[in-house]
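Undergrad: Below: one structure in structure tokens.
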Amino acid sequence: MTAFLHQIFSGLASGGIYASVALALVLIYQATHLVNFAQGEMAMFATYIAWALVQAGLPYWPAFLITLGIAFTGGVVIERVIIRPFDKAPVLASVCVFIGLLSIFNSLAGFIFTYTIKTFPSPFAERAWYGTRFLSPHETGEIAVTLALLVLVYAFFRFTPLGLAMRAAAQNPASSRLVGIRVGWMLALGWGLAAAAGAVAGMMAAPIVYLEPNMMGGVLLYGFAGALLGGIDNPWGAVLGGFIVGVLENLAGGYVVGADLKLTAALVIIVGVLVIRPSGLFGRPIATRV
Amino acid sequence: MGALSETETAAPKREVARLSVSTWRRIGLGLALALALVVPFWASGYHTFQLTLVTVYAIALMGLNLLTGYNGQISLGHGAFYAIGAYVTAVLVHKAGVPYWATVPVAGLVCLGTGFLFGLPALRLEGLYLALATFALALVTPQILKFKNFGSWTGGVQGILMDKPDAPWGLPLDSDQWLYFLCLALALPLFWAARNMVASRSGRAMVAIRDHPIAAASMGVNTALTKSLTFGVSAFYTGIAGSLGGIVVGFVAPDSFSILLSLSFLVGVVVGGLASIWGALFGALFIVFVPNYADQISDLLGERAKALPWAIYGLLLIAFMYLMPTGVVGLLRAVAARLVAAADTARSSRRVEP
């Protein structure tokens, strides 16, 4: 029983990371109806920036905040400079641009910071009151950060005028423009927020998976799977989906097929669920007028 | 006779410099074919090998283009079918001693079946969800190939080595040249068949499903069957390409079929031009040569730039998409339309003058 609980809790811990990536994907998806395949690499790059800041002698939390700022600015700039020219292009052209971004970030990280694996500090103490038998303090803290992020995103979209404007721009760009919302900037803002959320995911993941240019490859897929499982039009669903994916992956690896095929098993389950419920567990089916 | 002349006057002549567009296309095709036949006799062995890979990838991209370009089902996982094709060939050659040429159709048929079966659950999935399912397929394939219980068949992480075949019947070709002509000889009928299929009733059904599934269904198209069959045929092409790729490279290993292969297939299809036969060829040229050029550019930048080729590749890719968002073929079509329009105005002004 203890072993079983242990599997569940460490699943929740990795699920927290997937959930933040899923949240980042949802943020961009809601605004543009595109899934940013470069999200994971952008998060990885932001994590390297945080690492460099910490190496330069900054304490953790200031480095954390500065990284969020850089990631946000970076996201906005990428949207304005690289993504904007493609807003009328076919969807698959945008997907290719994301693939291009992915390889640029991956290769730049290797170029600047080398491919050697680095350790990344955790802001949470080795031993603390919030560490339990099942979760290390870092894991508890990381789950808490994910949930706080979700609440912040929810509150931002629900209660602030800017969040309202962003939702309006995503739902009906033409009408939003007529009431004076600058739709282009709202999209850029969405990219910035997503990049910042991704940076949080990267900084929370790095103490567990270690810092290297390919660290987010698998995480991105799980985040994607979590977002789709929960319903990609729904931040709560996406976060829940991320946690579910984390637990499923751990249970499958621990009890069903062994660590070699844990990815395989998790994906088979996810695709199976999607075949039965094509719009995700908590997503709304989309009705289109013929 | 009267009806004929009527249509002639009604439709504007698609002519440039007194030759119709389709004649120009035939001339281009003939030149390309002639070039393809003589190139291996003066190119180096390595360049011939690269061109062989272009042919192989062109077949794979043709398959993906049938699915994504014509039928509108996105696949991020065609590397998996390529891998299956390569492994079927490698296992048959290595374990069962089957001659390499006989394994190519087997690989194709295995992929046809796998693709059709994968297409069945994929019917329920659309857009992003299909992208996820196929993405998962691409990620899972190397893991399964590495799985230790299959190791006696697949060779595990090490993979399987194959001998490079020599030219049969005493042909005066070295092995690179022979493989080049073998792949070309298979690619041509496959392209021809794809062209005919796209122009046929089933091809129109595929396009109709892409453009408006409900309308297609109400016109009597069996959408479920067409979609899964397209998946199967698409996998068939890619599987044949994988089998040829395995023979040409002489080596299969799980890590050669990573997610990057699937992504570069998608890139190739989009760069070449969706829903076009020749797009596959241009796309294959892109995915073989551009990473190579990126390598050379980063070599020029000096010793420290070892990690940079993929950044340069990414930049080139984004620049490419920026310049031609509808791919090379889209650009060619736009240019042709311009030329035809210019020729038309020139002709009509000439007619007015006297």
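As shown in the structure tokens, the chain order sets the letters A, B, ...; within each chain, residues go from 1, and ligands are also counted from 1 in the order they appear.
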Any idea what's packed within 12 Å of Asp87 of chain A, counting only C-alpha atoms, ignoring anything in its chain fewer than 5 positions away? Could you give it as a list in words?
TA: Ala31, Thr32, His33, Leu34, Glu79, Arg80, Val81, Ile82, Leu92, Ala93, Ser94, Val95, Val97, Gly184 and Leu187 of chain A; Tyr322 and Pro325 of chain B
Undergrad: So that I can check the secondary structure, give me every residue of segment 21-243 of chain A assigned alpha helix (DSSP H) by backbone DSSP, as a PyMOL selection string.
TA: chain A and resi 21-32+39-55+60-78+91-113+137-159+161-171+173-178+183-209+217-230+235-243
Undergrad: Put those residues in a file: C-alpha atoms, as a compact mmCIF listing (two decimals), in the first residue's frame.
TA:
# COMPACT_ATOMS: atom_id res chain seq x y z
CA VAL A 21 3.26 23.00 -19.64
CA ALA A 22 -0.33 22.11 -20.49
CA LEU A 23 -1.42 25.46 -19.08
CA ALA A 24 1.10 27.25 -21.28
CA LEU A 25 -0.15 25.36 -24.34
CA VAL A 26 -3.75 26.25 -23.49
CA LEU A 27 -2.85 29.93 -23.15
CA ILE A 28 -1.57 30.07 -26.72
CA TYR A 29 -4.23 27.73 -28.04
CA GLN A 30 -7.06 29.83 -26.69
CA ALA A 31 -5.75 32.92 -28.43
CA THR A 32 -4.63 31.44 -31.74
CA GLN A 39 6.87 25.63 -25.92
CA GLY A 40 9.08 23.04 -24.28
CA GLU A 41 12.27 24.38 -25.83
CA MET A 42 11.33 27.95 -24.93
CA ALA A 43 10.84 26.81 -21.33
CA MET A 44 14.18 25.01 -21.41
CA PHE A 45 15.93 28.13 -22.67
CA ALA A 46 14.33 30.27 -19.96
CA THR A 47 15.52 27.75 -17.38
CA TYR A 48 19.07 28.15 -18.68
CA ILE A 49 18.73 31.91 -18.23
CA ALA A 50 17.65 31.34 -14.64
CA TRP A 51 20.62 29.02 -14.16
CA ALA A 52 22.99 31.66 -15.53
CA LEU A 53 21.50 34.28 -13.19
CA VAL A 54 21.91 32.00 -10.18
CA GLN A 55 25.47 31.24 -11.26
CA TYR A 60 16.92 32.13 -6.20
CA TRP A 61 13.71 34.12 -6.02
CA PRO A 62 15.01 37.34 -7.65
CA ALA A 63 16.51 35.15 -10.40
CA PHE A 64 13.12 33.42 -10.71
CA LEU A 65 11.28 36.73 -11.13
CA ILE A 66 13.82 38.17 -13.57
CA THR A 67 13.59 34.98 -15.64
CA LEU A 68 9.81 35.30 -15.73
CA GLY A 69 10.22 38.86 -16.98
CA ILE A 70 12.71 37.82 -19.66
CA ALA A 71 10.54 34.88 -20.74
CA PHE A 72 7.48 37.14 -20.95
CA THR A 73 9.33 39.73 -23.04
CA GLY A 74 10.83 36.99 -25.17
CA GLY A 75 7.39 35.49 -25.82
CA VAL A 76 5.97 38.88 -26.82
CA VAL A 77 8.91 39.59 -29.13
CA ILE A 78 8.70 36.15 -30.76
CA VAL A 91 -1.93 26.20 -40.35
CA LEU A 92 0.76 23.77 -41.37
CA ALA A 93 3.07 26.62 -42.34
CA SER A 94 2.77 27.88 -38.75
CA VAL A 95 3.48 24.37 -37.49
CA CYS A 96 6.69 24.39 -39.56
CA VAL A 97 7.63 27.73 -38.04
CA PHE A 98 7.18 26.19 -34.58
CA ILE A 99 9.42 23.31 -35.63
CA GLY A 100 11.96 25.87 -36.81
CA LEU A 101 11.78 27.68 -33.45
CA LEU A 102 12.17 24.38 -31.64
CA SER A 103 15.39 23.55 -33.44
CA ILE A 104 16.72 27.10 -33.02
CA PHE A 105 16.22 27.12 -29.24
CA ASN A 106 17.52 23.60 -28.78
CA SER A 107 20.63 24.28 -30.78
CA LEU A 108 21.27 27.72 -29.29
CA ALA A 109 21.07 26.29 -25.78
CA GLY A 110 23.61 23.66 -26.73
CA PHE A 111 25.79 26.33 -28.32
CA ILE A 112 25.71 28.79 -25.44
CA PHE A 113 25.52 26.49 -22.42
CA PRO A 137 9.78 19.28 -0.08
CA HIS A 138 10.64 20.19 -3.66
CA GLU A 139 7.84 18.05 -5.02
CA THR A 140 5.29 19.51 -2.60
CA GLY A 141 6.49 23.01 -3.38
CA GLU A 142 6.39 22.37 -7.11
CA ILE A 143 2.79 21.13 -6.95
CA ALA A 144 1.87 24.18 -4.88
CA VAL A 145 3.52 26.47 -7.44
CA THR A 146 1.57 24.81 -10.26
CA LEU A 147 -1.72 25.26 -8.43
CA ALA A 148 -0.86 28.88 -7.59
CA LEU A 149 -0.09 29.46 -11.25
CA LEU A 150 -3.46 28.04 -12.22
CA VAL A 151 -5.27 30.25 -9.72
CA LEU A 152 -3.36 33.30 -10.95
CA VAL A 153 -4.18 32.56 -14.58
CA TYR A 154 -7.80 31.94 -13.71
CA ALA A 155 -8.08 35.14 -11.68
CA PHE A 156 -6.34 37.12 -14.39
CA PHE A 157 -8.74 36.00 -17.08
CA ARG A 158 -11.81 36.11 -14.88
CA PHE A 159 -11.41 39.33 -12.90
CA PRO A 161 -10.12 44.04 -17.62
CA LEU A 162 -7.01 42.97 -19.50
CA GLY A 163 -7.91 39.32 -19.09
CA LEU A 164 -11.42 40.06 -20.32
CA ALA A 165 -9.99 41.87 -23.34
CA MET A 166 -7.77 38.89 -24.11
CA ARG A 167 -10.70 36.51 -23.92
CA ALA A 168 -12.72 38.76 -26.17
CA ALA A 169 -9.90 39.01 -28.70
CA ALA A 170 -9.61 35.24 -28.81
CA GLN A 171 -13.33 34.62 -29.20
CA PRO A 173 -11.42 39.30 -33.10
CA ALA A 174 -13.59 41.41 -35.42
CA SER A 175 -16.02 42.62 -32.75
CA SER A 176 -13.20 43.14 -30.25
CA ARG A 177 -11.46 45.39 -32.72
CA LEU A 178 -14.67 47.40 -33.06
CA VAL A 183 -6.24 42.29 -30.95
CA GLY A 184 -2.67 41.98 -32.20
CA TRP A 185 -1.26 43.03 -28.84
CA MET A 186 -3.60 40.65 -27.03
CA LEU A 187 -2.14 37.76 -29.03
CA ALA A 188 1.38 38.93 -28.21
CA LEU A 189 0.39 39.15 -24.55
CA GLY A 190 -0.94 35.58 -24.72
CA TRP A 191 2.42 34.43 -26.05
CA GLY A 192 4.22 36.31 -23.30
CA LEU A 193 2.07 34.77 -20.57
CA ALA A 194 2.50 31.32 -22.09
CA ALA A 195 6.26 31.76 -22.23
CA ALA A 196 6.29 32.82 -18.57
CA ALA A 197 4.13 29.84 -17.55
CA GLY A 198 6.46 27.58 -19.52
CA ALA A 199 9.45 29.11 -17.74
CA VAL A 200 7.85 28.23 -14.40
CA ALA A 201 7.41 24.66 -15.62
CA GLY A 202 11.04 24.52 -16.73
CA MET A 203 12.40 25.89 -13.45
CA MET A 204 10.26 23.47 -11.45
CA ALA A 205 11.24 20.51 -13.63
CA ALA A 206 14.97 21.20 -13.78
CA PRO A 207 15.84 20.14 -10.19
CA ILE A 208 14.18 16.78 -10.94
CA VAL A 209 15.19 15.99 -14.52
CA GLY A 217 11.18 16.83 -25.06
CA GLY A 218 9.18 14.24 -23.17
CA VAL A 219 7.61 16.85 -20.89
CA LEU A 220 6.17 18.70 -23.88
CA LEU A 221 4.49 15.55 -25.16
CA TYR A 222 2.98 14.80 -21.75
CA GLY A 223 1.88 18.41 -21.43
CA PHE A 224 0.27 18.21 -24.84
CA ALA A 225 -1.39 14.93 -23.91
CA GLY A 226 -2.57 16.39 -20.60
CA ALA A 227 -3.99 19.47 -22.30
CA LEU A 228 -5.90 17.38 -24.83
CA LEU A 229 -7.02 14.85 -22.23
CA GLY A 230 -8.49 17.55 -20.04
CA PRO A 235 -7.34 25.66 -18.20
CA TRP A 236 -8.73 23.69 -15.24
CA GLY A 237 -9.18 20.62 -17.41
CA ALA A 238 -5.70 21.00 -18.82
CA VAL A 239 -4.12 21.16 -15.37
CA LEU A 240 -6.15 18.21 -14.16
CA GLY A 241 -5.22 16.39 -17.37
CA GLY A 242 -1.55 17.05 -16.65
CA PHE A 243 -1.86 15.51 -13.18
Undergrad: Determine, for each residue of chain B having at least one atom at most 9 Å from an atom of chain A, the closest pair of atoms and their separation in Å to one decimal, counting only C-alpha atoms; order by chain and ascending number, as CSV.
TA:
residue,atom,partner,partner_atom,distance
B:Ile74,CA,A:Leu92,CA,8.8
B:Pro121,CA,A:Val275,CA,6.4
B:Ala122,CA,A:Val275,CA,7.5
B:Leu123,CA,A:Val275,CA,8.6
B:Arg124,CA,A:Val275,CA,5.8
B:Leu125,CA,A:Pro278,CA,6.1
B:Glu126,CA,A:Pro278,CA,8.2
B:Leu128,CA,A:Val35,CA,7.9
B:Tyr129,CA,A:Leu228,CA,7.1
B:Leu132,CA,A:Ala225,CA,6.9
B:Ala133,CA,A:Val271,CA,6.0
B:Phe135,CA,A:Leu221,CA,8.2
B:Ala136,CA,A:Leu267,CA,6.2
B:Leu137,CA,A:Leu267,CA,8.4
B:Leu139,CA,A:Thr264,CA,8.2
B:Val140,CA,A:Thr264,CA,5.3
B:Thr141,CA,A:Thr264,CA,8.5
B:Gln143,CA,A:Leu261,CA,6.8
B:Ile144,CA,A:Leu261,CA,7.3
B:Lys146,CA,A:Asp260,CA,8.7
B:Phe147,CA,A:Asp260,CA,6.8
B:Lys148,CA,A:Asp260,CA,8.6
B:Ile214,CA,A:Val290,CA,7.7
B:Ala215,CA,A:Val290,CA,8.7
B:Leu263,CA,A:Ile99,CA,7.5
B:Ser264,CA,A:Ile99,CA,8.8
B:Leu266,CA,A:Cys96,CA,7.8
B:Val267,CA,A:Cys96,CA,5.8
B:Val270,CA,A:Ala93,CA,6.5
B:Val271,CA,A:Ala93,CA,8.1
B:Arg304,CA,A:Phe111,CA,7.7
B:Ala305,CA,A:Phe111,CA,6.7
B:Lys306,CA,A:Phe111,CA,7.3
B:Ala307,CA,A:Phe111,CA,5.0
B:Leu308,CA,A:Ser107,CA,5.6
B:Pro309,CA,A:Ser107,CA,7.5
B:Trp310,CA,A:Ser103,CA,5.5
B:Ala311,CA,A:Ile104,CA,3.8
B:Ile312,CA,A:Ile104,CA,7.1
B:Tyr313,CA,A:Gly100,CA,7.3
B:Gly314,CA,A:Gly100,CA,3.9
B:Leu315,CA,A:Gly100,CA,6.5
B:Leu316,CA,A:Gly100,CA,8.1
B:Leu317,CA,A:Gly100,CA,5.8
B:Ile318,CA,A:Val97,CA,5.3
B:Ala319,CA,A:Val97,CA,8.9
B:Met321,CA,A:Ala93,CA,6.3
B:Tyr322,CA,A:Pro85,CA,7.3
B:Pro325,CA,A:Ala93,CA,5.9
B:Thr326,CA,A:Pro90,CA,7.3
B:Gly327,CA,A:Ala93,CA,8.6
Undergrad: Smallest atom-to-atom distance to Leu229 of chain B: which of B:Ala83, B:Leu274, B:Leu67, B:Ile259, using only C-alpha atoms?
TA: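 The answer is B:Leu67, which sits nearest to Leu229 of chain B.
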Undergrad: One decimal, Å: what's the distance from atom CA of His47 of chain B over to atom CA of Gly242 of chain B, could you say?
TA: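 Separation between atom CA of His47 of chain B and atom CA of Gly242 of chain B: 19.8 Å.
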Undergrad: One number please: atom CA of Ser349 of chain B to atom CA of Leu19 of chain B, in Å, one decimal.
TA: 18.6 Å
Undergrad: Write out as a PyMOL selection string which residues come within 7 Å of Tyr237 of chain B when counting only C-alpha atoms, dropping same-chain ones fewer than 5 positions away.
TA: chain B and resi 59-60+63+108
Undergrad: Generate a file of the selected residues that holds N, CA and C atoms, formatted as a PDB file, in the first residue's frame.
TA:
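File written: selection-v7.pdb
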ATOM      1  N   ILE B  59       9.494   9.489 -52.031  1.00  0.00           N
ATOM      2  CA  ILE B  59       8.412   8.491 -51.958  1.00  0.00           C
ATOM      3  C   ILE B  59       7.684   8.619 -50.623  1.00  0.00           C
ATOM      4  N   ALA B  60       8.466   8.750 -49.537  1.00  0.00           N
ATOM      5  CA  ALA B  60       7.852   8.873 -48.208  1.00  0.00           C
ATOM      6  C   ALA B  60       6.965  10.116 -48.152  1.00  0.00           C
ATOM      7  N   GLY B  63       3.705   9.754 -49.837  1.00  0.00           N
ATOM      8  CA  GLY B  63       2.742   9.084 -48.981  1.00  0.00           C
ATOM      9  C   GLY B  63       2.108  10.033 -47.989  1.00  0.00           C
ATOM     10  N   GLY B 108       6.071  -2.765 -47.819  1.00  0.00           N
ATOM     11  CA  GLY B 108       4.951  -1.918 -48.212  1.00  0.00           C
ATOM     12  C   GLY B 108       3.629  -2.478 -47.726  1.00  0.00           C
TER      13      GLY B 108
END
Undergrad: Between atom CA of Trp278 of chain B and atom CA of Val39 of chain B, measure the distance and give it in Å to one decimal.
TA: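 That distance, rounded to one decimal, is 19.2 Å.
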Undergrad: Contacts of Ser75 of chain B at 6 Å or less, counting only C-alpha atoms, minus same-chain residues fewer than 2 places along, as JSON, numbers by chain?
TA: {"B": [77, 131, 134]}
Undergrad: Counting only C-alpha atoms, which of A:Val256, A:Val179, A:Leu5, A:Leu251 gets nearest to Leu135 of chain A?
TA: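 The closest residue to Leu135 of chain A is A:Leu5.
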Undergrad: Could you tell me which of A:Ser122, A:Gly254, A:Gly57, A:Glu249 comes closest to Ala3 of chain A if we count only C-alpha atoms?
TA: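 Counting only C-alpha atoms, the residue closest to Ala3 of chain A is A:Gly254.
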